[in-house]
file target_18.tsv (TSV, N, CA and C atoms and all ligand atoms)
chain	number	residue	atom	x	y	z
Y	1	MET	N	10.84	14.40	8.25
Y	1	MET	CA	10.31	13.02	8.27
Y	1	MET	C	9.61	12.75	9.61
Y	2	PRO	N	8.41	12.17	9.54
Y	2	PRO	CA	7.75	11.78	10.80
Y	2	PRO	C	8.53	10.65	11.47
Y	3	LYS	N	8.31	10.52	12.75
Y	3	LYS	CA	8.95	9.42	13.46
Y	3	LYS	C	8.27	8.11	13.11
Y	4	PHE	N	8.94	7.02	13.42
Y	4	PHE	CA	8.30	5.71	13.24
Y	4	PHE	C	7.10	5.60	14.17
Y	5	GLN	N	6.05	4.97	13.65
Y	5	GLN	CA	4.86	4.76	14.48
Y	5	GLN	C	5.01	3.53	15.37
Y	6	ARG	N	5.73	2.57	14.86
Y	6	ARG	CA	5.90	1.32	15.61
Y	6	ARG	C	7.29	0.75	15.38
Y	7	HIS	N	7.74	0.07	16.40
Y	7	HIS	CA	8.96	-0.72	16.26
Y	7	HIS	C	8.65	-2.17	16.58
Y	8	LEU	N	9.16	-3.04	15.75
Y	8	LEU	CA	9.09	-4.47	16.02
Y	8	LEU	C	10.49	-4.96	16.33
Y	9	PHE	N	10.61	-5.67	17.41
Y	9	PHE	CA	11.90	-6.28	17.74
Y	9	PHE	C	11.74	-7.79	17.62
Y	10	VAL	N	12.56	-8.36	16.78
Y	10	VAL	CA	12.48	-9.80	16.50
Y	10	VAL	C	13.74	-10.44	17.03
Y	11	CYS	N	13.58	-11.37	17.95
Y	11	CYS	CA	14.76	-11.98	18.56
Y	11	CYS	C	15.44	-12.93	17.60
Y	12	ILE	N	16.73	-12.74	17.42
Y	12	ILE	CA	17.51	-13.70	16.62
Y	12	ILE	C	18.69	-14.21	17.45
Y	13	ASN	N	18.52	-14.13	18.77
Y	13	ASN	CA	19.62	-14.52	19.64
Y	13	ASN	C	19.99	-15.99	19.45
Y	14	GLN	N	21.29	-16.26	19.47
Y	14	GLN	CA	21.77	-17.63	19.32
Y	14	GLN	C	22.49	-18.08	20.58
Y	15	ARG	N	22.11	-19.25	21.06
Y	15	ARG	CA	22.81	-19.86	22.18
Y	15	ARG	C	23.45	-21.16	21.71
Y	16	GLU	N	24.32	-21.70	22.55
Y	16	GLU	CA	24.90	-22.98	22.19
Y	16	GLU	C	23.80	-24.04	22.11
Y	17	ALA	N	24.03	-25.04	21.27
Y	17	ALA	CA	22.97	-26.01	20.92
Y	17	ALA	C	22.38	-26.72	22.13
Y	18	GLU	N	23.20	-26.95	23.18
Y	18	GLU	CA	22.70	-27.75	24.31
Y	18	GLU	C	22.00	-26.89	25.35
Y	19	HIS	N	21.92	-25.59	25.12
Y	19	HIS	CA	21.37	-24.74	26.17
Y	19	HIS	C	19.92	-25.11	26.47
Y	20	PRO	N	19.60	-25.31	27.77
Y	20	PRO	CA	18.26	-25.79	28.11
Y	20	PRO	C	17.13	-24.83	27.74
Y	21	ARG	N	17.44	-23.56	27.62
Y	21	ARG	CA	16.35	-22.61	27.28
Y	21	ARG	C	16.10	-22.54	25.78
Y	22	GLY	N	16.98	-23.14	24.98
Y	22	GLY	CA	16.82	-22.99	23.55
Y	22	GLY	C	17.10	-21.55	23.13
Y	23	CYS	N	16.87	-21.24	21.87
Y	23	CYS	CA	17.07	-19.87	21.41
Y	23	CYS	C	16.26	-19.62	20.16
Y	24	CYS	N	16.05	-18.34	19.89
Y	24	CYS	CA	15.22	-17.98	18.73
Y	24	CYS	C	15.95	-18.22	17.41
Y	25	ALA	N	17.27	-18.14	17.44
Y	25	ALA	CA	18.01	-18.37	16.19
Y	25	ALA	C	17.76	-19.78	15.67
Y	26	SER	N	17.64	-20.73	16.60
Y	26	SER	CA	17.44	-22.12	16.17
Y	26	SER	C	16.00	-22.36	15.72
Y	27	LYS	N	15.14	-21.39	15.91
Y	27	LYS	CA	13.73	-21.55	15.55
Y	27	LYS	C	13.34	-20.56	14.46
Y	28	ALA	N	14.27	-20.27	13.58
Y	28	ALA	CA	13.99	-19.43	12.40
Y	28	ALA	C	13.70	-17.97	12.74
Y	29	GLY	N	14.32	-17.46	13.80
Y	29	GLY	CA	14.13	-16.05	14.15
Y	29	GLY	C	14.57	-15.11	13.04
Y	30	ALA	N	15.71	-15.41	12.40
Y	30	ALA	CA	16.20	-14.51	11.35
Y	30	ALA	C	15.29	-14.54	10.13
Y	31	ALA	N	14.80	-15.73	9.78
Y	31	ALA	CA	13.88	-15.84	8.63
Y	31	ALA	C	12.60	-15.08	8.93
Y	32	LEU	N	12.16	-15.13	10.19
Y	32	LEU	CA	10.96	-14.39	10.59
Y	32	LEU	C	11.19	-12.88	10.45
Y	33	ALA	N	12.34	-12.41	10.89
Y	33	ALA	CA	12.64	-10.97	10.79
Y	33	ALA	C	12.61	-10.54	9.32
Y	34	GLU	N	13.20	-11.34	8.46
Y	34	GLU	CA	13.20	-10.99	7.03
Y	34	GLU	C	11.79	-11.00	6.47
Y	35	ALA	N	10.98	-12.00	6.87
Y	35	ALA	CA	9.60	-12.09	6.38
Y	35	ALA	C	8.80	-10.86	6.83
Y	36	LEU	N	9.03	-10.41	8.06
Y	36	LEU	CA	8.31	-9.23	8.55
Y	36	LEU	C	8.74	-7.97	7.80
Y	37	LYS	N	10.05	-7.87	7.54
Y	37	LYS	CA	10.53	-6.71	6.77
Y	37	LYS	C	9.91	-6.67	5.38
Y	38	LEU	N	9.89	-7.83	4.73
Y	38	LEU	CA	9.32	-7.89	3.39
Y	38	LEU	C	7.84	-7.56	3.41
Y	39	ALA	N	7.13	-8.12	4.40
Y	39	ALA	CA	5.68	-7.87	4.47
Y	39	ALA	C	5.41	-6.40	4.73
Y	40	CYS	N	6.24	-5.75	5.55
Y	40	CYS	CA	6.07	-4.31	5.79
Y	40	CYS	C	6.33	-3.52	4.51
Y	41	ALA	N	7.37	-3.89	3.78
Y	41	ALA	CA	7.67	-3.19	2.52
Y	41	ALA	C	6.54	-3.38	1.53
Y	42	ASP	N	6.01	-4.59	1.46
Y	42	ASP	CA	4.91	-4.89	0.54
Y	42	ASP	C	3.67	-4.06	0.84
Y	43	HIS	N	3.52	-3.66	2.10
Y	43	HIS	CA	2.32	-2.93	2.50
Y	43	HIS	C	2.61	-1.44	2.72
Y	44	ASP	N	3.71	-0.98	2.12
Y	44	ASP	CA	4.00	0.46	2.16
Y	44	ASP	C	4.20	1.00	3.57
Y	45	LEU	N	4.79	0.21	4.43
Y	45	LEU	CA	4.99	0.66	5.80
Y	45	LEU	C	6.41	1.19	6.03
Y	46	LYS	N	7.17	1.25	4.96
Y	46	LYS	CA	8.53	1.77	5.09
Y	46	LYS	C	8.46	3.20	5.65
Y	47	GLY	N	9.26	3.49	6.66
Y	47	GLY	CA	9.21	4.82	7.27
Y	47	GLY	C	8.17	4.94	8.36
Y	48	LYS	N	7.24	3.97	8.42
Y	48	LYS	CA	6.22	4.00	9.48
Y	48	LYS	C	6.48	2.94	10.54
Y	49	VAL	N	6.93	1.79	10.06
Y	49	VAL	CA	7.21	0.67	10.97
Y	49	VAL	C	8.65	0.25	10.76
Y	50	ARG	N	9.34	0.06	11.84
Y	50	ARG	CA	10.73	-0.36	11.76
Y	50	ARG	C	10.86	-1.76	12.36
Y	51	VAL	N	11.35	-2.68	11.56
Y	51	VAL	CA	11.57	-4.05	12.04
Y	51	VAL	C	13.05	-4.18	12.37
Y	52	ASN	N	13.34	-4.44	13.64
Y	52	ASN	CA	14.72	-4.59	14.07
Y	52	ASN	C	14.99	-6.00	14.54
Y	53	LYS	N	16.11	-6.54	14.12
Y	53	LYS	CA	16.57	-7.80	14.70
Y	53	LYS	C	17.13	-7.49	16.08
Y	54	SER	N	16.78	-8.32	17.02
Y	54	SER	CA	17.16	-8.03	18.39
Y	54	SER	C	18.04	-9.14	18.97
Y	55	GLN	N	18.87	-8.73	19.90
Y	55	GLN	CA	19.52	-9.72	20.76
Y	55	GLN	C	18.46	-10.26	21.71
Y	56	CYS	N	18.90	-11.06	22.67
Y	56	CYS	CA	17.94	-11.84	23.46
Y	56	CYS	C	16.87	-10.97	24.13
Y	57	LEU	N	15.62	-11.36	23.94
Y	57	LEU	CA	14.50	-10.69	24.60
Y	57	LEU	C	14.12	-11.42	25.89
Y	58	ASP	N	14.85	-12.46	26.20
Y	58	ASP	CA	14.66	-13.22	27.44
Y	58	ASP	C	13.31	-13.93	27.50
Y	59	GLN	N	12.82	-14.34	26.36
Y	59	GLN	CA	11.59	-15.14	26.32
Y	59	GLN	C	11.87	-16.39	25.48
Y	60	CYS	N	13.05	-16.96	25.68
Y	60	CYS	CA	13.58	-17.99	24.77
Y	60	CYS	C	12.65	-19.19	24.58
Y	61	GLU	N	11.95	-19.57	25.64
Y	61	GLU	CA	11.09	-20.74	25.55
Y	61	GLU	C	9.91	-20.51	24.63
Y	62	HIS	N	9.66	-19.27	24.29
Y	62	HIS	CA	8.50	-18.92	23.48
Y	62	HIS	C	8.87	-18.53	22.06
Y	63	GLY	N	10.09	-18.86	21.69
Y	63	GLY	CA	10.62	-18.34	20.44
Y	63	GLY	C	10.08	-18.98	19.19
Y	64	PRO	N	10.25	-18.32	18.08
Y	64	PRO	CA	10.79	-16.96	18.01
Y	64	PRO	C	9.81	-15.94	18.56
Y	65	THR	N	10.35	-14.98	19.28
Y	65	THR	CA	9.51	-13.96	19.88
Y	65	THR	C	9.66	-12.62	19.16
Y	66	VAL	N	8.55	-11.89	19.16
Y	66	VAL	CA	8.49	-10.56	18.55
Y	66	VAL	C	7.78	-9.67	19.54
Y	67	VAL	N	8.28	-8.47	19.75
Y	67	VAL	CA	7.54	-7.51	20.57
Y	67	VAL	C	7.28	-6.27	19.74
Y	68	VAL	N	6.05	-5.77	19.85
Y	68	VAL	CA	5.63	-4.59	19.09
Y	68	VAL	C	5.45	-3.44	20.07
Y	69	TYR	N	6.19	-2.36	19.83
Y	69	TYR	CA	6.03	-1.15	20.61
Y	69	TYR	C	5.48	-0.06	19.71
Y	70	PRO	N	4.63	0.85	20.21
Y	70	PRO	CA	4.44	1.14	21.64
Y	70	PRO	C	3.37	0.30	22.34
Y	71	GLU	N	2.72	-0.62	21.67
Y	71	GLU	CA	1.61	-1.32	22.35
Y	71	GLU	C	2.07	-2.32	23.39
Y	72	GLU	N	3.35	-2.71	23.34
Y	72	GLU	CA	3.85	-3.77	24.22
Y	72	GLU	C	3.12	-5.08	24.00
Y	73	VAL	N	2.87	-5.40	22.76
Y	73	VAL	CA	2.27	-6.70	22.44
Y	73	VAL	C	3.39	-7.69	22.16
Y	74	TRP	N	3.35	-8.81	22.87
Y	74	TRP	CA	4.36	-9.86	22.69
Y	74	TRP	C	3.75	-11.00	21.89
Y	75	TYR	N	4.50	-11.41	20.88
Y	75	TYR	CA	4.11	-12.59	20.12
Y	75	TYR	C	5.13	-13.68	20.36
Y	76	GLY	N	4.63	-14.92	20.42
Y	76	GLY	CA	5.53	-16.05	20.59
Y	76	GLY	C	5.21	-17.16	19.62
Y	77	PHE	N	6.20	-18.03	19.41
Y	77	PHE	CA	6.05	-19.16	18.50
Y	77	PHE	C	5.64	-18.69	17.11
Y	78	VAL	N	6.22	-17.57	16.69
Y	78	VAL	CA	5.82	-16.97	15.41
Y	78	VAL	C	6.61	-17.62	14.28
Y	79	LYS	N	5.92	-17.93	13.20
Y	79	LYS	CA	6.58	-18.52	12.03
Y	79	LYS	C	6.67	-17.48	10.93
Y	80	PRO	N	7.66	-17.64	10.03
Y	80	PRO	CA	7.76	-16.67	8.94
Y	80	PRO	C	6.44	-16.51	8.18
Y	81	GLU	N	5.68	-17.60	8.05
Y	81	GLU	CA	4.42	-17.50	7.30
Y	81	GLU	C	3.34	-16.71	8.04
Y	82	ASP	N	3.60	-16.38	9.32
Y	82	ASP	CA	2.65	-15.54	10.07
Y	82	ASP	C	2.87	-14.05	9.82
Y	83	ALA	N	3.95	-13.71	9.13
Y	83	ALA	CA	4.34	-12.29	9.02
Y	83	ALA	C	3.25	-11.45	8.36
Y	84	THR	N	2.69	-11.95	7.28
Y	84	THR	CA	1.68	-11.14	6.56
Y	84	THR	C	0.47	-10.88	7.44
Y	85	GLU	N	0.07	-11.90	8.20
Y	85	GLU	CA	-1.10	-11.73	9.07
Y	85	GLU	C	-0.83	-10.66	10.14
Y	86	ILE	N	0.37	-10.68	10.71
Y	86	ILE	CA	0.71	-9.67	11.72
Y	86	ILE	C	0.69	-8.27	11.10
Y	87	VAL	N	1.23	-8.16	9.91
Y	87	VAL	CA	1.27	-6.85	9.25
Y	87	VAL	C	-0.14	-6.38	8.91
Y	88	GLU	N	-0.94	-7.25	8.32
Y	88	GLU	CA	-2.26	-6.81	7.86
Y	88	GLU	C	-3.22	-6.57	9.02
Y	89	LYS	N	-3.26	-7.52	9.96
Y	89	LYS	CA	-4.24	-7.38	11.05
Y	89	LYS	C	-3.80	-6.37	12.11
Y	90	HIS	N	-2.53	-6.45	12.49
Y	90	HIS	CA	-2.09	-5.63	13.62
Y	90	HIS	C	-1.55	-4.28	13.15
Y	91	LEU	N	-0.54	-4.29	12.31
Y	91	LEU	CA	0.13	-3.03	11.98
Y	91	LEU	C	-0.76	-2.12	11.15
Y	92	ILE	N	-1.60	-2.72	10.30
Y	92	ILE	CA	-2.52	-1.91	9.49
Y	92	ILE	C	-3.89	-1.84	10.15
Y	93	GLY	N	-4.40	-3.00	10.58
Y	93	GLY	CA	-5.77	-3.04	11.12
Y	93	GLY	C	-5.87	-2.63	12.58
Y	94	GLY	N	-4.74	-2.64	13.30
Y	94	GLY	CA	-4.75	-2.23	14.69
Y	94	GLY	C	-5.23	-3.30	15.66
Y	95	GLN	N	-5.44	-4.52	15.16
Y	95	GLN	CA	-5.91	-5.61	16.03
Y	95	GLN	C	-4.82	-6.66	16.14
Y	96	PRO	N	-4.23	-6.83	17.32
Y	96	PRO	CA	-3.21	-7.87	17.47
Y	96	PRO	C	-3.73	-9.26	17.06
Y	97	VAL	N	-2.85	-10.07	16.55
Y	97	VAL	CA	-3.22	-11.43	16.13
Y	97	VAL	C	-3.27	-12.30	17.39
Y	98	GLN	N	-4.48	-12.45	17.90
Y	98	GLN	CA	-4.63	-13.04	19.24
Y	98	GLN	C	-4.04	-14.44	19.35
Y	99	ARG	N	-4.12	-15.23	18.31
Y	99	ARG	CA	-3.64	-16.61	18.43
Y	99	ARG	C	-2.12	-16.67	18.63
Y	100	LEU	N	-1.42	-15.56	18.35
Y	100	LEU	CA	0.04	-15.55	18.51
Y	100	LEU	C	0.49	-14.74	19.72
Y	101	VAL	N	-0.46	-14.07	20.39
Y	101	VAL	CA	-0.07	-13.22	21.52
Y	101	VAL	C	0.33	-14.08	22.71
Y	102	LEU	N	1.45	-13.76	23.29
Y	102	LEU	CA	1.89	-14.45	24.51
Y	102	LEU	C	1.14	-13.84	25.69
Y	103	PRO	N	0.53	-14.68	26.52
Y	103	PRO	CA	-0.15	-14.12	27.69
Y	103	PRO	C	0.85	-13.47	28.64
Y	104	ASP	N	0.38	-12.48	29.38
Y	104	ASP	CA	1.25	-11.81	30.35
Y	104	ASP	C	1.87	-12.80	31.32
Y	105	SER	N	1.15	-13.89	31.59
Y	105	SER	CA	1.65	-14.88	32.54
Y	105	SER	C	2.88	-15.62	32.02
Y	106	CYS	N	3.20	-15.43	30.73
Y	106	CYS	CA	4.39	-16.08	30.17
Y	106	CYS	C	5.62	-15.17	30.19
Y	107	ILE	N	5.42	-13.87	30.43
Y	107	ILE	CA	6.52	-12.93	30.29
Y	107	ILE	C	7.23	-12.74	31.63
Y	108	ASN	N	8.54	-12.85	31.57
Y	108	ASN	CA	9.37	-12.59	32.74
Y	108	ASN	C	8.96	-13.38	33.98
Y	109	THR	N	8.72	-14.66	33.76
Y	109	THR	CA	8.39	-15.53	34.87
Y	109	THR	C	9.17	-16.83	34.66
Y	110	ASP	N	9.42	-17.55	35.73
Y	110	ASP	CA	10.04	-18.86	35.52
Y	110	ASP	C	9.00	-19.96	35.72
Y	111	ARG	N	7.74	-19.61	35.75
Y	111	ARG	CA	6.72	-20.59	36.07
Y	111	ARG	C	5.69	-20.80	34.98
Y	112	CYS	N	5.89	-20.35	33.79
Y	112	CYS	CA	4.84	-20.56	32.79
Y	112	CYS	C	4.94	-21.98	32.24
Y	113	PRO	N	3.87	-22.46	31.61
Y	113	PRO	CA	3.85	-23.86	31.17
Y	113	PRO	C	4.88	-24.19	30.09
Y	114	HIS	N	5.47	-23.17	29.48
Y	114	HIS	CA	6.44	-23.44	28.42
Y	114	HIS	C	7.85	-23.63	28.95
Y	115	ARG	N	8.09	-23.21	30.18
Y	115	ARG	CA	9.43	-23.34	30.75
Y	115	ARG	C	9.67	-24.80	31.11
Y	116	SER	N	10.93	-25.18	31.22
Y	116	SER	CA	11.22	-26.61	31.27
Y	116	SER	C	10.58	-27.29	32.48
Y	117	SER	N	10.55	-26.64	33.64
Y	117	SER	CA	9.94	-27.30	34.79
Y	117	SER	C	8.46	-27.52	34.51
Y	118	GLY	N	7.83	-26.54	33.90
Y	118	GLY	CA	6.43	-26.68	33.54
Y	118	GLY	C	6.21	-27.78	32.52
Y	119	MET	N	7.14	-27.88	31.58
Y	119	MET	CA	7.01	-28.91	30.55
Y	119	MET	C	7.05	-30.30	31.17
Y	120	MET	N	7.88	-30.44	32.19
Y	120	MET	CA	7.94	-31.76	32.84
Y	120	MET	C	6.61	-32.07	33.50
Y	121	GLN	N	6.03	-31.03	34.13
Y	121	GLN	CA	4.73	-31.26	34.76
Y	121	GLN	C	3.67	-31.65	33.75
Y	122	LEU	N	3.78	-31.07	32.56
Y	122	LEU	CA	2.80	-31.36	31.53
Y	122	LEU	C	3.11	-32.66	30.80
Y	123	GLY	N	4.27	-33.24	31.10
Y	123	GLY	CA	4.67	-34.46	30.41
Y	123	GLY	C	5.07	-34.25	28.97
Y	124	LEU	N	5.59	-33.06	28.67
Y	124	LEU	CA	5.99	-32.79	27.29
Y	124	LEU	C	7.46	-33.13	27.09
Z	1	ZN	ZN	5.07	-19.50	28.29

call {"tool": "encode", "arguments": {"input": "target_18.tsv", "output": "structure tokens", "more": "lines below"}}
Ligand SMILES: [Zn+2]
result
Amino acid sequence: MPKFQRHLFVCINQREAEHPRGCCASKAGAALAEALKLACADHDLKGKVRVNKSQCLDQCEHGPTVVVYPEEVWYGFVKPEDATEIVEKHLIGGQPVQRLVLPDSCINTDRCPHRSSGMMQLGL
């Protein structure tokens, strides 16, 4: 059997309800993981792409988050209904879905506009 060509990690981490960072579980992370699995199966990607539910990816403010390896493409604010587009455009077509890609400036920083201090500055 050939190795998997890609791995998708979908955060389904759950935090307590009052946690200031929020969590992907509260934003339909598990439903998104299932939608991605189904979309991959529908497109004959079984054995080529592996969709894994993940513990915290540490991008909670951008959830639900998905990371695609080996390209290291991060998606944020992904909805279950986006799954087919990710599969068709990115996994099959090779073009990341730009409207869902998290900019590098959002990853592993405490200063992006989505983090709570930034949200206060933006008046959100
Ligand atoms: Zn951000």

call {"tool": "closest_atom_pairs", "arguments": {"input": "target_18.tsv", "of": "chain Y", "to": "ligand ZN 1 (chain Z)", "cutoff": "6 Å", "atoms": "all atoms listed in the file", "output": "tab-separated table"}}
result
residue	atom	partner	partner_atom	distance
Y:His62	CA	Z:ZN1	ZN	5.9
Y:Ser105	C	Z:ZN1	ZN	5.8
Y:Cys106	CA	Z:ZN1	ZN	4.0
Y:Cys112	CA	Z:ZN1	ZN	4.6
Y:Pro113	N	Z:ZN1	ZN	4.6
Y:His114	N	Z:ZN1	ZN	3.9
Y:Arg115	N	Z:ZN1	ZN	5.1

call {"tool": "closest_residue", "arguments": {"input": "target_18.tsv", "among": "Y:Gln5, Y:Thr84, Y:Gln59, Y:Asn108", "to": "Y:Cys24", "atoms": "only N, CA and C atoms"}}
result
Y:Gln59

call {"tool": "atom_distance", "arguments": {"input": "target_18.tsv", "atom1": "atom CA of Y:Gly93", "atom2": "atom CA of Y:Ala39"}}
result
14.1 Å

call {"tool": "axis_aligned_box", "arguments": {"input": "target_18.tsv", "around": "stretch 2-21 of chain Y", "padding_each_side": "6 Å", "output": "AutoDock Vina command-line options"}}
result
--center_x 14.9 --center_y -7.8 --center_z 18.8 --size_x 32.0 --size_y 51.9 --size_z 30.6

call {"tool": "closest_residue", "arguments": {"input": "target_18.tsv", "among": "Y:Arg111, Y:Lys27, Y:Arg50, Y:His43", "to": "Y:Val78", "atoms": "all atoms listed in the file"}}
result
Y:Lys27

call {"tool": "closest_residue", "arguments": {"input": "target_18.tsv", "among": "Y:Asp44, Y:Glu81, Y:Glu16, Y:Glu61", "to": "Y:Asp110", "atoms": "only C-alpha atoms"}}
result
Y:Glu61

call {"tool": "closest_residue", "arguments": {"input": "target_18.tsv", "among": "Y:Asn13, Y:Val68, Y:Cys40, Y:Val101", "to": "Y:Lys53", "atoms": "all atoms listed in the file"}}
result
Y:Asn13

call {"tool": "select_by_dssp", "arguments": {"input": "target_18.tsv", "residues": "stretch 25-70 of chain Y", "states": "alpha helix (DSSP H)", "output": "JSON, numbers by chain"}}
result
{"Y": [29, 30, 31, 32, 33, 34, 35, 36, 37, 38, 39, 40, 41, 42]}

call {"tool": "residues_around", "arguments": {"input": "target_18.tsv", "residues": "Y:Val73", "least_positions_apart": "6", "cutoff": "7 Å", "atoms": "only N, CA and C atoms", "output": "PyMOL selection string"}}
result
chain Y and resi 66-67+101-102

call {"tool": "closest_residue", "arguments": {"input": "target_18.tsv", "among": "Y:Glu18, Y:Asp58, Y:Cys23, Y:Arg6", "to": "Y:Thr109", "atoms": "only C-alpha atoms"}}
result
Y:Asp58

call {"tool": "atom_distance", "arguments": {"input": "target_18.tsv", "atom1": "atom CA of Y:Leu36", "atom2": "atom CA of Y:Ala83"}}
result
5.0 Å

call {"tool": "atom_distance", "arguments": {"input": "target_18.tsv", "atom1": "atom CA of Y:Gly29", "atom2": "atom N of Y:Val49"}}
result
19.7 Å

call {"tool": "residues_around", "arguments": {"input": "target_18.tsv", "residues": "Y:Tyr69", "least_positions_apart": "6", "cutoff": "12 Å", "atoms": "only C-alpha atoms", "output": "JSON, numbers by chain"}}
result
{"Y": [4, 5, 6, 7, 8, 9, 10, 49, 50, 51, 52, 75, 90, 91, 96]}
